[in-house]
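J.: Here you go, this is upload10.tsv (TSV, C-alpha atoms and all ligand atoms).
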chain	number	residue	atom	x	y	z
A	1	MET	CA	12.83	6.18	18.69
A	2	ILE	CA	11.92	9.74	19.64
A	3	LYS	CA	9.76	10.86	16.75
A	4	PHE	CA	10.20	14.23	15.11
A	5	TRP	CA	6.45	14.65	15.33
A	6	SER	CA	3.29	12.59	15.61
A	7	TYR	CA	-0.32	13.57	16.21
A	8	LYS	CA	-1.04	10.35	18.06
A	9	ARG	CA	0.04	11.43	21.53
A	10	GLU	CA	-2.15	14.48	21.51
A	11	TYR	CA	-4.99	12.43	20.10
A	12	GLN	CA	-4.77	10.00	23.01
A	13	ILE	CA	-5.11	12.93	25.42
A	14	ILE	CA	-8.11	14.58	23.73
A	15	LYS	CA	-9.71	11.53	22.10
A	16	SER	CA	-12.93	11.48	24.09
A	17	GLU	CA	-13.59	15.18	23.53
A	18	ILE	CA	-12.80	14.89	19.82
A	19	LEU	CA	-15.13	11.93	19.36
A	20	LYS	CA	-17.91	13.64	21.32
A	21	ASN	CA	-17.50	16.70	19.12
A	22	LEU	CA	-17.50	14.69	15.92
A	23	ASN	CA	-20.64	12.88	16.98
A	24	HIS	CA	-22.34	16.17	17.75
A	25	THR	CA	-21.27	17.63	14.42
A	26	LEU	CA	-22.18	14.64	12.27
A	27	SER	CA	-25.55	14.29	13.98
A	28	LYS	CA	-26.47	17.83	12.91
A	29	GLY	CA	-26.85	16.91	9.26
A	30	VAL	CA	-24.76	19.82	7.95
A	31	LEU	CA	-21.32	19.13	6.48
A	32	PHE	CA	-20.32	22.53	5.10
A	33	PHE	CA	-20.99	26.15	6.07
A	34	GLY	CA	-22.64	25.20	9.35
A	35	GLU	CA	-22.38	26.29	12.97
A	36	GLN	CA	-18.91	24.82	13.54
A	37	GLN	CA	-17.29	26.76	10.72
A	38	LEU	CA	-19.00	30.00	11.72
A	39	LYS	CA	-18.02	29.49	15.34
A	40	PHE	CA	-14.43	28.77	14.41
A	41	GLU	CA	-14.14	31.85	12.22
A	42	LYS	CA	-15.60	34.02	14.96
A	43	ASN	CA	-13.39	32.52	17.67
A	44	PHE	CA	-10.26	32.80	15.53
A	45	ALA	CA	-10.89	36.44	14.60
A	46	ARG	CA	-11.62	37.35	18.21
A	47	LYS	CA	-8.59	35.51	19.56
A	48	TYR	CA	-6.17	37.13	17.14
A	49	LYS	CA	-7.72	40.59	17.35
A	50	SER	CA	-8.93	40.88	13.82
A	51	LYS	CA	-12.33	41.99	12.58
A	52	TYR	CA	-12.95	39.19	10.11
A	53	ALA	CA	-11.84	35.63	9.49
A	54	ILE	CA	-12.49	33.58	6.36
A	55	SER	CA	-11.82	29.87	6.63
A	56	CYS	CA	-10.73	27.90	3.59
A	57	GLY	CA	-9.27	24.58	2.48
A	58	SER	CA	-5.56	25.16	3.21
A	59	GLY	CA	-2.85	27.69	3.94
A	60	THR	CA	-1.93	27.65	0.25
A	61	ASP	CA	-5.51	28.57	-0.63
A	62	ALA	CA	-5.53	31.32	2.00
A	63	LEU	CA	-2.61	32.94	0.13
A	64	LEU	CA	-4.21	32.38	-3.27
A	65	ILE	CA	-7.63	33.69	-2.21
A	66	SER	CA	-5.96	36.74	-0.64
A	67	MET	CA	-4.15	37.56	-3.88
A	68	LEU	CA	-7.24	36.99	-6.02
A	69	SER	CA	-9.37	39.12	-3.69
A	70	LEU	CA	-6.83	41.93	-3.77
A	71	GLY	CA	-6.92	41.99	-7.56
A	72	ILE	CA	-3.75	40.32	-8.75
A	73	LYS	CA	-3.19	40.32	-12.51
A	74	ARG	CA	-1.08	38.21	-14.86
A	75	GLY	CA	2.41	39.69	-15.05
A	76	ASP	CA	2.32	41.14	-11.55
A	77	GLU	CA	5.29	40.39	-9.33
A	78	VAL	CA	5.09	39.19	-5.75
A	79	ILE	CA	8.11	39.43	-3.48
A	80	THR	CA	8.76	36.78	-0.88
A	81	ALA	CA	11.59	34.98	0.93
A	82	ALA	CA	13.83	32.47	-0.84
A	83	ASN	CA	13.72	29.98	2.02
A	84	THR	CA	9.94	29.69	2.23
A	85	ALA	CA	7.89	26.52	1.89
A	86	ILE	CA	6.95	25.56	-1.68
A	87	PRO	CA	3.25	26.53	-1.20
A	88	THR	CA	4.02	30.26	-0.90
A	89	ILE	CA	5.42	30.07	-4.42
A	90	SER	CA	2.79	27.74	-5.84
A	91	ALA	CA	0.07	30.10	-4.58
A	92	ILE	CA	1.76	33.04	-6.37
A	93	LYS	CA	2.03	31.00	-9.56
A	94	SER	CA	-1.58	29.79	-9.31
A	95	ALA	CA	-2.63	33.42	-9.07
A	96	GLY	CA	-0.91	33.99	-12.43
A	97	ALA	CA	1.84	36.17	-10.98
A	98	THR	CA	5.62	35.92	-10.94
A	99	PRO	CA	7.42	35.25	-7.66
A	100	LYS	CA	10.50	37.32	-6.86
A	101	LEU	CA	12.76	35.96	-4.20
A	102	ILE	CA	14.88	37.81	-1.73
A	103	ASP	CA	17.55	36.36	0.49
A	104	ILE	CA	17.30	35.87	4.23
A	105	GLY	CA	19.22	37.32	7.14
A	106	GLU	CA	20.89	35.49	10.02
A	107	ASP	CA	17.48	35.18	11.68
A	108	TYR	CA	16.27	33.14	8.63
A	109	LEU	CA	13.70	35.82	7.83
A	110	MET	CA	13.32	38.04	4.77
A	111	ASN	CA	16.26	40.46	4.58
A	112	LYS	CA	14.54	43.84	4.71
A	113	ASP	CA	17.55	45.66	3.24
A	114	LEU	CA	17.20	43.63	0.06
A	115	LEU	CA	13.46	44.17	-0.05
A	116	LYS	CA	13.62	47.78	-1.24
A	117	LYS	CA	16.05	46.88	-4.02
A	118	SER	CA	13.71	44.18	-5.34
A	119	ILE	CA	10.74	46.49	-5.86
A	120	THR	CA	9.86	47.29	-9.46
A	121	LYS	CA	6.87	48.87	-11.20
A	122	LYS	CA	5.37	45.43	-11.48
A	123	THR	CA	5.51	44.62	-7.75
A	124	LYS	CA	1.98	43.98	-6.55
A	125	PHE	CA	2.45	42.41	-3.12
A	126	ILE	CA	5.05	41.62	-0.51
A	127	ILE	CA	4.58	38.29	1.25
A	128	PRO	CA	6.68	38.24	4.41
A	129	VAL	CA	6.98	34.67	5.64
A	130	HIS	CA	7.06	34.38	9.43
A	131	LEU	CA	9.14	31.24	9.27
A	132	TYR	CA	9.75	28.73	12.07
A	133	GLY	CA	7.50	30.66	14.51
A	134	GLN	CA	9.00	34.16	14.45
A	135	ILE	CA	7.61	37.31	12.84
A	136	CYS	CA	9.60	39.32	10.29
A	137	ASP	CA	10.65	42.90	11.00
A	138	MET	CA	7.18	44.35	10.46
A	139	ASP	CA	8.02	47.98	11.31
A	140	GLU	CA	10.47	48.07	8.42
A	141	ILE	CA	8.31	46.07	6.03
A	142	LEU	CA	5.28	48.26	6.78
A	143	LYS	CA	7.36	51.37	6.18
A	144	ILE	CA	8.41	50.06	2.77
A	145	SER	CA	4.84	49.02	2.01
A	146	ARG	CA	3.58	52.52	2.80
A	147	ASN	CA	6.35	54.31	0.91
A	148	TYR	CA	5.89	52.27	-2.24
A	149	GLN	CA	2.12	51.74	-1.87
A	150	ILE	CA	2.48	47.97	-2.05
A	151	LYS	CA	0.16	45.77	-0.06
A	152	ILE	CA	1.31	43.07	2.34
A	153	ILE	CA	-0.06	39.56	2.57
A	154	GLU	CA	1.42	37.79	5.59
A	155	ASP	CA	2.29	34.11	5.42
A	156	CYS	CA	1.60	33.07	9.02
A	157	ALA	CA	1.43	29.33	8.35
A	158	GLN	CA	4.27	28.74	10.83
A	159	ALA	CA	3.59	31.55	13.27
A	160	GLN	CA	0.09	31.36	14.69
A	161	GLY	CA	0.09	33.19	18.02
A	162	ALA	CA	3.49	34.84	17.45
A	163	LYS	CA	3.72	38.54	18.27
A	164	TYR	CA	5.73	41.54	17.12
A	165	LYS	CA	5.67	44.28	19.77
A	166	LYS	CA	2.57	42.71	21.32
A	167	LYS	CA	0.68	42.56	18.01
A	168	TYR	CA	-0.30	39.21	16.56
A	169	ALA	CA	1.01	37.69	13.34
A	170	GLY	CA	-1.60	38.15	10.65
A	171	THR	CA	-2.75	41.61	11.76
A	172	PHE	CA	-0.15	43.75	9.97
A	173	GLY	CA	-0.95	43.15	6.33
A	174	SER	CA	-4.07	43.48	4.19
A	175	THR	CA	-4.54	39.81	5.07
A	176	GLY	CA	-2.86	37.24	7.29
A	177	CYS	CA	-2.85	33.65	6.04
A	178	PHE	CA	-2.81	30.59	8.30
A	179	SER	CA	-2.51	26.83	7.80
A	180	PHE	CA	-4.06	24.10	9.92
A	181	TYR	CA	-1.99	21.33	8.38
A	182	PRO	CA	-1.55	18.74	11.16
A	183	THR	CA	2.02	19.70	12.11
A	184	LYS	CA	1.22	23.37	12.58
A	185	ILE	CA	0.77	25.25	15.88
A	186	LEU	CA	-2.96	24.60	15.50
A	187	GLY	CA	-3.27	21.49	13.38
A	188	THR	CA	-6.32	19.55	12.36
A	189	TYR	CA	-6.65	15.93	11.16
A	190	GLY	CA	-6.56	16.95	7.52
A	191	ASP	CA	-6.22	20.25	5.68
A	192	GLY	CA	-7.47	23.71	6.55
A	193	GLY	CA	-6.62	27.39	6.30
A	194	MET	CA	-7.72	30.83	7.44
A	195	ILE	CA	-7.48	34.43	6.29
A	196	LEU	CA	-7.63	37.34	8.72
A	197	THR	CA	-8.50	40.85	7.62
A	198	ASN	CA	-9.92	44.08	8.98
A	199	ASP	CA	-11.34	45.15	5.62
A	200	LYS	CA	-15.03	44.38	5.24
A	201	LYS	CA	-15.08	44.61	1.44
A	202	LEU	CA	-12.12	42.29	1.19
A	203	TYR	CA	-13.79	39.92	3.63
A	204	MET	CA	-16.94	39.71	1.52
A	205	LYS	CA	-14.93	39.23	-1.65
A	206	ALA	CA	-12.70	36.51	-0.17
A	207	LYS	CA	-15.82	34.68	1.04
A	208	ARG	CA	-17.17	34.69	-2.51
A	209	ILE	CA	-13.91	33.62	-4.09
A	210	ARG	CA	-13.49	30.63	-1.77
A	211	PHE	CA	-16.88	29.30	-2.92
A	212	TYR	CA	-17.09	29.53	-6.72
A	213	GLY	CA	-17.77	33.28	-6.60
A	214	ILE	CA	-21.20	32.85	-5.04
A	215	GLU	CA	-22.53	35.74	-2.96
A	216	THR	CA	-22.91	35.11	0.77
A	217	GLY	CA	-25.28	36.90	3.12
A	218	ASN	CA	-23.85	39.34	5.62
A	219	LYS	CA	-24.50	37.66	8.92
A	220	LYS	CA	-24.32	33.94	8.34
A	221	ASN	CA	-23.02	31.73	5.60
A	222	ILE	CA	-26.40	31.77	3.95
A	223	PHE	CA	-26.05	32.13	0.22
A	224	ASN	CA	-28.12	34.69	-1.58
A	225	ASN	CA	-28.31	32.44	-4.63
A	226	LYS	CA	-26.42	29.20	-4.36
A	227	TYR	CA	-26.44	28.54	-8.10
A	228	TYR	CA	-25.23	31.91	-9.37
A	229	ALA	CA	-21.65	33.14	-9.51
A	230	ASN	CA	-21.05	36.87	-9.22
A	231	GLU	CA	-17.41	36.53	-10.10
A	232	GLU	CA	-14.85	33.85	-10.79
A	233	GLY	CA	-13.96	31.82	-7.76
A	234	ILE	CA	-12.47	28.54	-6.64
A	235	ASN	CA	-13.58	25.78	-4.31
A	236	SER	CA	-11.85	26.01	-0.97
A	237	ARG	CA	-14.08	25.18	1.98
A	238	LEU	CA	-13.27	24.26	5.56
A	239	ASP	CA	-15.75	21.50	6.36
A	240	GLU	CA	-17.73	21.07	9.56
A	241	ILE	CA	-15.66	18.12	10.76
A	242	GLN	CA	-12.33	19.98	10.54
A	243	SER	CA	-13.95	23.11	11.99
A	244	SER	CA	-15.24	21.21	15.02
A	245	ILE	CA	-11.78	19.74	15.67
A	246	LEU	CA	-10.17	23.16	15.30
A	247	ASN	CA	-12.72	24.83	17.56
A	248	LEU	CA	-11.89	22.37	20.26
A	249	LYS	CA	-8.14	22.59	19.83
A	250	LEU	CA	-8.15	26.40	19.68
A	251	LYS	CA	-9.07	26.38	23.38
A	252	PHE	CA	-5.68	25.00	24.37
A	253	VAL	CA	-3.46	26.49	21.70
A	254	ASP	CA	-1.98	29.01	24.18
A	255	LYS	CA	-1.19	26.29	26.68
A	256	ASN	CA	0.56	24.36	23.91
A	257	ILE	CA	2.59	27.39	22.87
A	258	LYS	CA	3.73	27.76	26.49
A	259	LEU	CA	4.86	24.14	26.50
A	260	ARG	CA	6.73	24.70	23.24
A	261	LYS	CA	8.52	27.70	24.73
A	262	LYS	CA	9.46	25.70	27.81
A	263	ILE	CA	11.15	23.06	25.69
A	264	ALA	CA	12.85	25.74	23.57
A	265	ILE	CA	14.25	27.37	26.72
A	266	LYS	CA	15.65	24.00	27.77
A	267	TYR	CA	17.34	23.55	24.41
A	268	PHE	CA	18.77	27.08	24.59
A	269	LYS	CA	20.17	26.54	28.07
A	270	ALA	CA	21.68	23.17	27.32
A	271	LEU	CA	23.04	23.83	23.84
A	272	SER	CA	24.21	27.43	23.95
A	273	ASN	CA	27.76	26.43	24.80
A	274	THR	CA	28.03	24.00	21.86
A	275	VAL	CA	29.13	24.78	18.31
A	276	LEU	CA	25.53	24.64	17.07
A	277	LYS	CA	23.98	27.89	15.91
A	278	LEU	CA	20.70	28.18	17.80
A	279	PRO	CA	17.65	30.13	16.60
A	280	TYR	CA	18.01	33.90	16.60
A	281	ALA	CA	15.13	35.11	18.77
A	282	HIS	CA	14.64	38.87	18.47
A	283	LYS	CA	13.74	41.07	21.42
A	284	ASN	CA	10.23	42.49	21.13
A	285	ARG	CA	9.15	39.46	19.13
A	286	ASP	CA	7.34	36.57	20.70
A	287	HIS	CA	8.68	33.41	18.99
A	288	VAL	CA	6.23	30.48	19.20
A	289	TYR	CA	8.77	27.80	18.22
A	290	HIS	CA	6.79	26.03	15.57
A	291	LEU	CA	10.23	24.61	14.82
A	292	PHE	CA	13.50	24.64	16.75
A	293	THR	CA	16.25	25.12	14.19
A	294	VAL	CA	19.90	24.40	14.72
A	295	TYR	CA	22.63	25.08	12.19
A	296	HIS	CA	25.85	23.19	11.63
A	297	PRO	CA	27.77	22.84	8.34
A	298	LYS	CA	27.82	19.08	8.90
A	299	ALA	CA	24.07	18.87	9.51
A	300	LYS	CA	23.55	15.74	7.44
A	301	LYS	CA	26.13	13.76	9.35
A	302	ILE	CA	24.77	14.90	12.73
A	303	MET	CA	21.24	13.99	11.66
A	304	ARG	CA	22.40	10.52	10.63
A	305	LEU	CA	24.20	10.00	13.93
A	306	LEU	CA	21.18	11.21	15.90
A	307	ASN	CA	18.96	8.82	14.01
A	308	LYS	CA	21.25	5.95	14.97
A	309	ARG	CA	20.88	7.08	18.57
A	310	GLY	CA	17.08	6.99	18.32
A	311	ILE	CA	16.27	10.62	17.55
A	312	GLN	CA	14.45	11.78	14.45
A	313	THR	CA	15.24	15.25	13.14
A	314	ARG	CA	14.23	17.05	9.95
A	315	SER	CA	15.85	19.38	7.54
A	316	ILE	CA	13.37	22.21	6.94
A	317	TYR	CA	13.88	23.03	4.15
A	318	PRO	CA	16.74	21.20	2.42
A	319	TYR	CA	16.33	23.03	-0.92
A	320	PRO	CA	15.70	26.73	-1.38
A	321	ILE	CA	13.08	27.55	-4.01
A	322	HIS	CA	15.56	28.80	-6.62
A	323	LYS	CA	17.37	25.45	-6.64
A	324	MET	CA	14.27	23.40	-7.44
A	325	LYS	CA	13.67	22.09	-10.96
A	326	ALA	CA	10.17	23.52	-10.97
A	327	TYR	CA	11.33	27.07	-10.31
A	328	SER	CA	15.05	27.40	-11.07
A	329	LYS	CA	14.37	28.89	-14.55
A	330	LEU	CA	12.61	31.83	-12.95
A	331	PHE	CA	15.59	32.81	-10.84
A	332	LYS	CA	18.51	32.19	-13.22
A	333	ASN	CA	19.56	35.81	-13.01
A	334	ASN	CA	19.25	36.21	-9.28
A	335	LYS	CA	22.76	35.79	-7.91
A	336	ASN	CA	21.81	37.17	-4.54
A	337	LEU	CA	20.33	34.19	-2.74
A	338	ASN	CA	23.46	32.75	-1.21
A	339	ASN	CA	22.47	32.78	2.45
A	340	SER	CA	19.26	30.87	1.73
A	341	PHE	CA	21.32	28.24	-0.07
A	342	VAL	CA	23.98	27.94	2.65
A	343	LYS	CA	21.40	27.75	5.42
A	344	SER	CA	19.30	25.16	3.59
A	345	LYS	CA	22.29	22.80	3.70
A	346	GLY	CA	23.02	23.30	7.40
A	347	ILE	CA	19.71	23.81	9.18
A	348	PHE	CA	17.99	20.92	10.86
A	349	CYS	CA	15.18	20.87	13.38
A	350	LEU	CA	14.99	19.10	16.72
A	351	PRO	CA	11.79	17.43	17.93
A	352	LEU	CA	9.65	20.05	19.64
A	353	TYR	CA	5.97	19.54	20.35
A	354	PRO	CA	3.85	20.01	23.47
A	355	GLU	CA	3.62	16.29	24.27
A	356	LEU	CA	7.38	15.73	24.22
A	357	LYS	CA	8.34	14.36	27.64
A	358	LYS	CA	11.00	15.78	29.95
A	359	ASN	CA	13.14	12.64	29.81
A	360	GLU	CA	12.98	12.73	26.00
A	361	VAL	CA	14.17	16.34	25.88
A	362	ASP	CA	17.02	15.35	28.24
A	363	LYS	CA	17.92	12.43	25.99
A	364	ILE	CA	17.87	14.60	22.85
A	365	ILE	CA	20.25	17.06	24.51
A	366	LYS	CA	22.57	14.33	25.74
A	367	GLU	CA	22.70	12.58	22.35
A	368	ILE	CA	23.34	15.81	20.43
A	369	LYS	CA	26.27	16.56	22.68
A	370	GLY	CA	27.53	13.03	22.07
A	371	CYS	CA	27.16	13.37	18.29
A	372	LEU	CA	29.00	16.69	18.23
A	373	LYS	CA	32.06	14.91	19.60
A	374	GLN	CA	31.98	12.62	16.55
A	375	VAL	CA	31.91	15.31	13.81
B	401	LIG	C1	5.44	28.90	5.25
B	401	LIG	C2	4.25	28.14	4.73
B	401	LIG	N1	3.42	28.73	3.87
B	401	LIG	C3	2.32	28.12	3.39
B	401	LIG	C4	2.02	26.82	3.76
B	401	LIG	C5	0.86	26.16	3.14
B	401	LIG	O1	-0.07	25.62	4.02
B	401	LIG	P1	-0.93	24.34	3.61
B	401	LIG	O2	-0.04	23.15	3.71
B	401	LIG	O3	-2.03	24.34	4.63
B	401	LIG	O4	-1.45	24.57	2.25
B	401	LIG	C6	2.86	26.17	4.69
B	401	LIG	C7	2.56	24.81	5.14
B	401	LIG	O5	2.97	23.82	4.67
B	401	LIG	C8	4.01	26.83	5.16
B	401	LIG	O6	4.85	26.24	6.03
I need this file expressed as structure tokens, please.
Ligand SMILES: Cc1ncc(COP(=O)(O)O)c(C=O)c1O
T.:
Amino acid sequence: MIKFWSYKREYQIIKSEILKNLNHTLSKGVLFFGEQQLKFEKNFARKYKSKYAISCGSGTDALLISMLSLGIKRGDEVITAANTAIPTISAIKSAGATPKLIDIGEDYLMNKDLLKKSITKKTKFIIPVHLYGQICDMDEILKISRNYQIKIIEDCAQAQGAKYKKKYAGTFGSTGCFSFYPTKILGTYGDGGMILTNDKKLYMKAKRIRFYGIETGNKKNIFNNKYYANEEGINSRLDEIQSSILNLKLKFVDKNIKLRKKIAIKYFKALSNTVLKLPYAHKNRDHVYHLFTVYHPKAKKIMRLLNKRGIQTRSIYPYPIHKMKAYSKLFKNNKNLNNSFVKSKGIFCLPLYPELKKNEVDKIIKEIKGCLKQV
């Protein structure tokens, strides 16, 4: 069976380095807020051309901490895309705000023409979701943000390293939020997240909020008074173990993105003359292919046939937010989310990860072509 994804292959390649790192880290006697976390924040900020980076417990928390740091209030509205992952919405709800969904375009990204129409007096933030590895139309979204004086929080969980006109994902908004969930472009062996910002005040505030509201010193993560909260916060730390793994893996993230692109190019070449709708990759945007989406109205059947032929695929995501029991009440009156619904039923993703072998990519292509003859 060709797996949709597994961390085990990569682990076999980097095992000795990982274990050496872990031993070094655990021998230090510091489990939180130590040298590994500081190093990782510094390396991440430098790599993605941002002034500050604040690590935290997950991508969901990165979104939540961003909203709390930027002063969200109960009753505020936050606009995002209807086809996003659940956590974008749960972060908005945890912040006490109301999510507003807008439909997607043929590129599966937030439809910027609908964005303007969704803005009300209550709109506090726009969260563009750079889904599947490609950045939204940031020129347009920034223009709207400036015209309406609404801040942007970027959801970059699926787009680390992606660029829009040579500028990195996460550097357009007030903050950029990343996830290090294992399947992501940079994944750890557990949970983790990061916030990028160029605003020093926001940086200091986000650092407090991620750790119970406790004040941190300027240079290092040394707390001014570890038992005194200056404001309300949460607990969302990136521990030393995860930081050490991420520091190590950050070194070859670019190489891995190159390998992803190579596989994507192969899929494009081999499948462009089939009936499958392949990902829409914009010019001037550097797609990092976190996922390789294909669309076919009979997706479910094709996925079943592929599975029988030894290929795992995944539907990401099979339900848009407004069709979920948890959230459908909120969007009863929104009749404008049709494309998100249609696409959720027909999109499925092919295996694509740096360790996928050439003969496996060839087999995937051959079997898809075979399956298409059966539908
Ligand atoms: C688009 C998007 N936003 C946010 C998240 C949340 O990240 P995490 O799982 O690290 O909380 C994810 C990851 O699942 C995601 O794909």
J.: So, with all atoms listed in the file as the atoms that count, which of A:Ser118, A:Gln158, A:Asn256, A:Asn83 lies closest to Asn338 (chain A)?
T.: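 Looking at the shortest contact to Asn338 (chain A), the residue is A:Asn83.
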J.: Residues contacting ligand LIG 401 (chain B) - anything with an atom at most 7 Å away, using only C-alpha atoms and all ligand atoms - can you give me those as an NGL selection string?
T.: :A and (58-61 or 84-85 or 87-88 or 129 or 131 or 155-158 or 179-181 or 191-193)
J.: Quick one: write out the picked residues with C-alpha atoms as a PDB file, keeping the file's coordinate frame?
T.:
ATOM      1  CA  SER A  58      -5.560  25.160   3.210  1.00  0.00           C
ATOM      2  CA  GLY A  59      -2.850  27.690   3.940  1.00  0.00           C
ATOM      3  CA  THR A  60      -1.930  27.650   0.250  1.00  0.00           C
ATOM      4  CA  ASP A  61      -5.510  28.570  -0.630  1.00  0.00           C
ATOM      5  CA  THR A  84       9.940  29.690   2.230  1.00  0.00           C
ATOM      6  CA  ALA A  85       7.890  26.520   1.890  1.00  0.00           C
ATOM      7  CA  PRO A  87       3.250  26.530  -1.200  1.00  0.00           C
ATOM      8  CA  THR A  88       4.020  30.260  -0.900  1.00  0.00           C
ATOM      9  CA  VAL A 129       6.980  34.670   5.640  1.00  0.00           C
ATOM     10  CA  LEU A 131       9.140  31.240   9.270  1.00  0.00           C
ATOM     11  CA  ASP A 155       2.290  34.110   5.420  1.00  0.00           C
ATOM     12  CA  CYS A 156       1.600  33.070   9.020  1.00  0.00           C
ATOM     13  CA  ALA A 157       1.430  29.330   8.350  1.00  0.00           C
ATOM     14  CA  GLN A 158       4.270  28.740  10.830  1.00  0.00           C
ATOM     15  CA  SER A 179      -2.510  26.830   7.800  1.00  0.00           C
ATOM     16  CA  PHE A 180      -4.060  24.100   9.920  1.00  0.00           C
ATOM     17  CA  TYR A 181      -1.990  21.330   8.380  1.00  0.00           C
ATOM     18  CA  ASP A 191      -6.220  20.250   5.680  1.00  0.00           C
ATOM     19  CA  GLY A 192      -7.470  23.710   6.550  1.00  0.00           C
ATOM     20  CA  GLY A 193      -6.620  27.390   6.300  1.00  0.00           C
TER      21      GLY A 193
END
J.: Give the answer as one residue: which of A:Ile245, A:Lys261, A:Val342, A:Asn284 has the shortest atom-to-atom distance to Thr25 (chain A), using all atoms listed in the file?
T.: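 Counting all atoms listed in the file, the residue closest to Thr25 (chain A) is A:Ile245.
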J.: Hey, which of A:Lys269, A:Lys3, A:Lys277, A:His287 ends up closest to His130 (chain A)? Count all atoms listed in the file.
T.: A:His287
J.: Excluding Val361 (chain A) and any residue of its chain fewer than 6 positions from it, enumerate the residues within 12 Å of it, using all atoms listed in the file, and give them as a list in words.
T.: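 Here the qualifying residues turn out to be Ile2, Lys3, Phe4, Arg260, Lys262, Ile263, Ala264, Ile265, Lys266, Tyr267, Phe268, Ala270, Leu271, Ile311, Leu350, Pro351, Leu352, Tyr353, Pro354, Glu355, Glu367 and Ile368 of chain A.
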J.: Got time to write the residues from that selection, C-alpha atoms, as an mmCIF file, keeping the file's coordinate frame?
T.:
data_model
loop_
_atom_site.group_PDB
_atom_site.id
_atom_site.type_symbol
_atom_site.label_atom_id
_atom_site.label_comp_id
_atom_site.auth_asym_id
_atom_site.auth_seq_id
_atom_site.Cartn_x
_atom_site.Cartn_y
_atom_site.Cartn_z
ATOM 1 C CA ILE A 2 11.920 9.740 19.640
ATOM 2 C CA LYS A 3 9.760 10.860 16.750
ATOM 3 C CA PHE A 4 10.200 14.230 15.110
ATOM 4 C CA ARG A 260 6.730 24.700 23.240
ATOM 5 C CA LYS A 262 9.460 25.700 27.810
ATOM 6 C CA ILE A 263 11.150 23.060 25.690
ATOM 7 C CA ALA A 264 12.850 25.740 23.570
ATOM 8 C CA ILE A 265 14.250 27.370 26.720
ATOM 9 C CA LYS A 266 15.650 24.000 27.770
ATOM 10 C CA TYR A 267 17.340 23.550 24.410
ATOM 11 C CA PHE A 268 18.770 27.080 24.590
ATOM 12 C CA ALA A 270 21.680 23.170 27.320
ATOM 13 C CA LEU A 271 23.040 23.830 23.840
ATOM 14 C CA ILE A 311 16.270 10.620 17.550
ATOM 15 C CA LEU A 350 14.990 19.100 16.720
ATOM 16 C CA PRO A 351 11.790 17.430 17.930
ATOM 17 C CA LEU A 352 9.650 20.050 19.640
ATOM 18 C CA TYR A 353 5.970 19.540 20.350
ATOM 19 C CA PRO A 354 3.850 20.010 23.470
ATOM 20 C CA GLU A 355 3.620 16.290 24.270
ATOM 21 C CA GLU A 367 22.700 12.580 22.350
ATOM 22 C CA ILE A 368 23.340 15.810 20.430
#
J.: May I ask which of the residues A:Ser272, A:Gln242, A:Gln374, A:Asn21 is the closest one to Ile302 (chain A), counting only C-alpha atoms?
T.: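 Residue with the minimum atom-to-atom distance to Ile302 (chain A): A:Gln374.
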J.: For a quick check of understanding, using all atoms listed in the file, which of A:Lys329, A:Lys301, A:Ile86, A:Pro128 has the smallest distance to Ile102 (chain A)?
T.: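 Checking each candidate against Ile102 (chain A), we get A:Pro128 as the closest.
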J.: Restricting the calculation to all atoms listed in the file, which member of A:Ile119, A:Leu246, A:Leu186, A:Cys56 is positioned closest to Asn43 (chain A)?
T.: A:Leu246
J.: Tell me, as an NGL selection string, which residues lie within 12 Å of Lys207 (chain A), counting only C-alpha atoms; anything in the same chain fewer than 6 positions away does not count.
T.: :A and (33 or 41 or 52-56 or 62 or 65-66 or 68-69 or 194-197 or 200-201 or 213-218 or 220-223 or 230-238)
J.: Hey, could you pull the box centre and edge lengths for region 149-155 of chain A, axis-aligned, 5 Å padding per side, all listed atoms, to one decimal in Å, as lines of an AutoDock Vina configuration file?
T.:
center_x = 1.2
center_y = 42.9
center_z = 1.8
size_x = 12.5
size_y = 27.6
size_z = 17.6
J.: One number please: CA of Ser145 (chain A) to CA of Val78 (chain A), in Å, one decimal.
T.: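 Answer for the CA of Ser145 (chain A) to CA of Val78 (chain A) separation: 12.5 Å.
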J.: Pick out the residues sitting within 12 Å of Tyr11 (chain A), and hand them over as a list in words; count all atoms listed in the file, and ignore anything fewer than 4 positions along from it in its own chain.
T.: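 Here the qualifying residues turn out to be Ser6, Tyr7, Lys15, Ser16, Glu17, Ile18, Leu19, Pro182, Gly187, Thr188, Tyr189, Ile245, Lys249 and Glu355 of chain A.
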J.: To one decimal place, how far is CA of Ile127 (chain A) from CA of Ile152 (chain A) in Å?
T.: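 These two atoms are separated by 5.9 Å.
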J.: Taking (5.4, 48.2, 9.2) in the file's own coordinates, collect the residues within 12 Å, counting all atoms listed in the file, and hand them back as an NGL selection string.
T.: :A and (112 or 126 or 128 or 135-147 or 150-152 or 154 or 164-165 or 167 or 171-174)
J.: At what distance in Å, to one decimal, does CA of Lys122 (chain A) lie from CA of Glu77 (chain A)?
T.: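 Pair CA of Glu77 (chain A) / CA of Lys122 (chain A) returns 5.5 Å.
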J.: Within 6 Å of region 92-98 of chain A, counting all atoms listed in the file, which residues qualify if same-chain residues fewer than 3 places away don't, as a list of chain:residue names?
T.: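 Those residues are A:Arg74, A:Gly75, A:Asp76, A:Glu77, A:Ile89.
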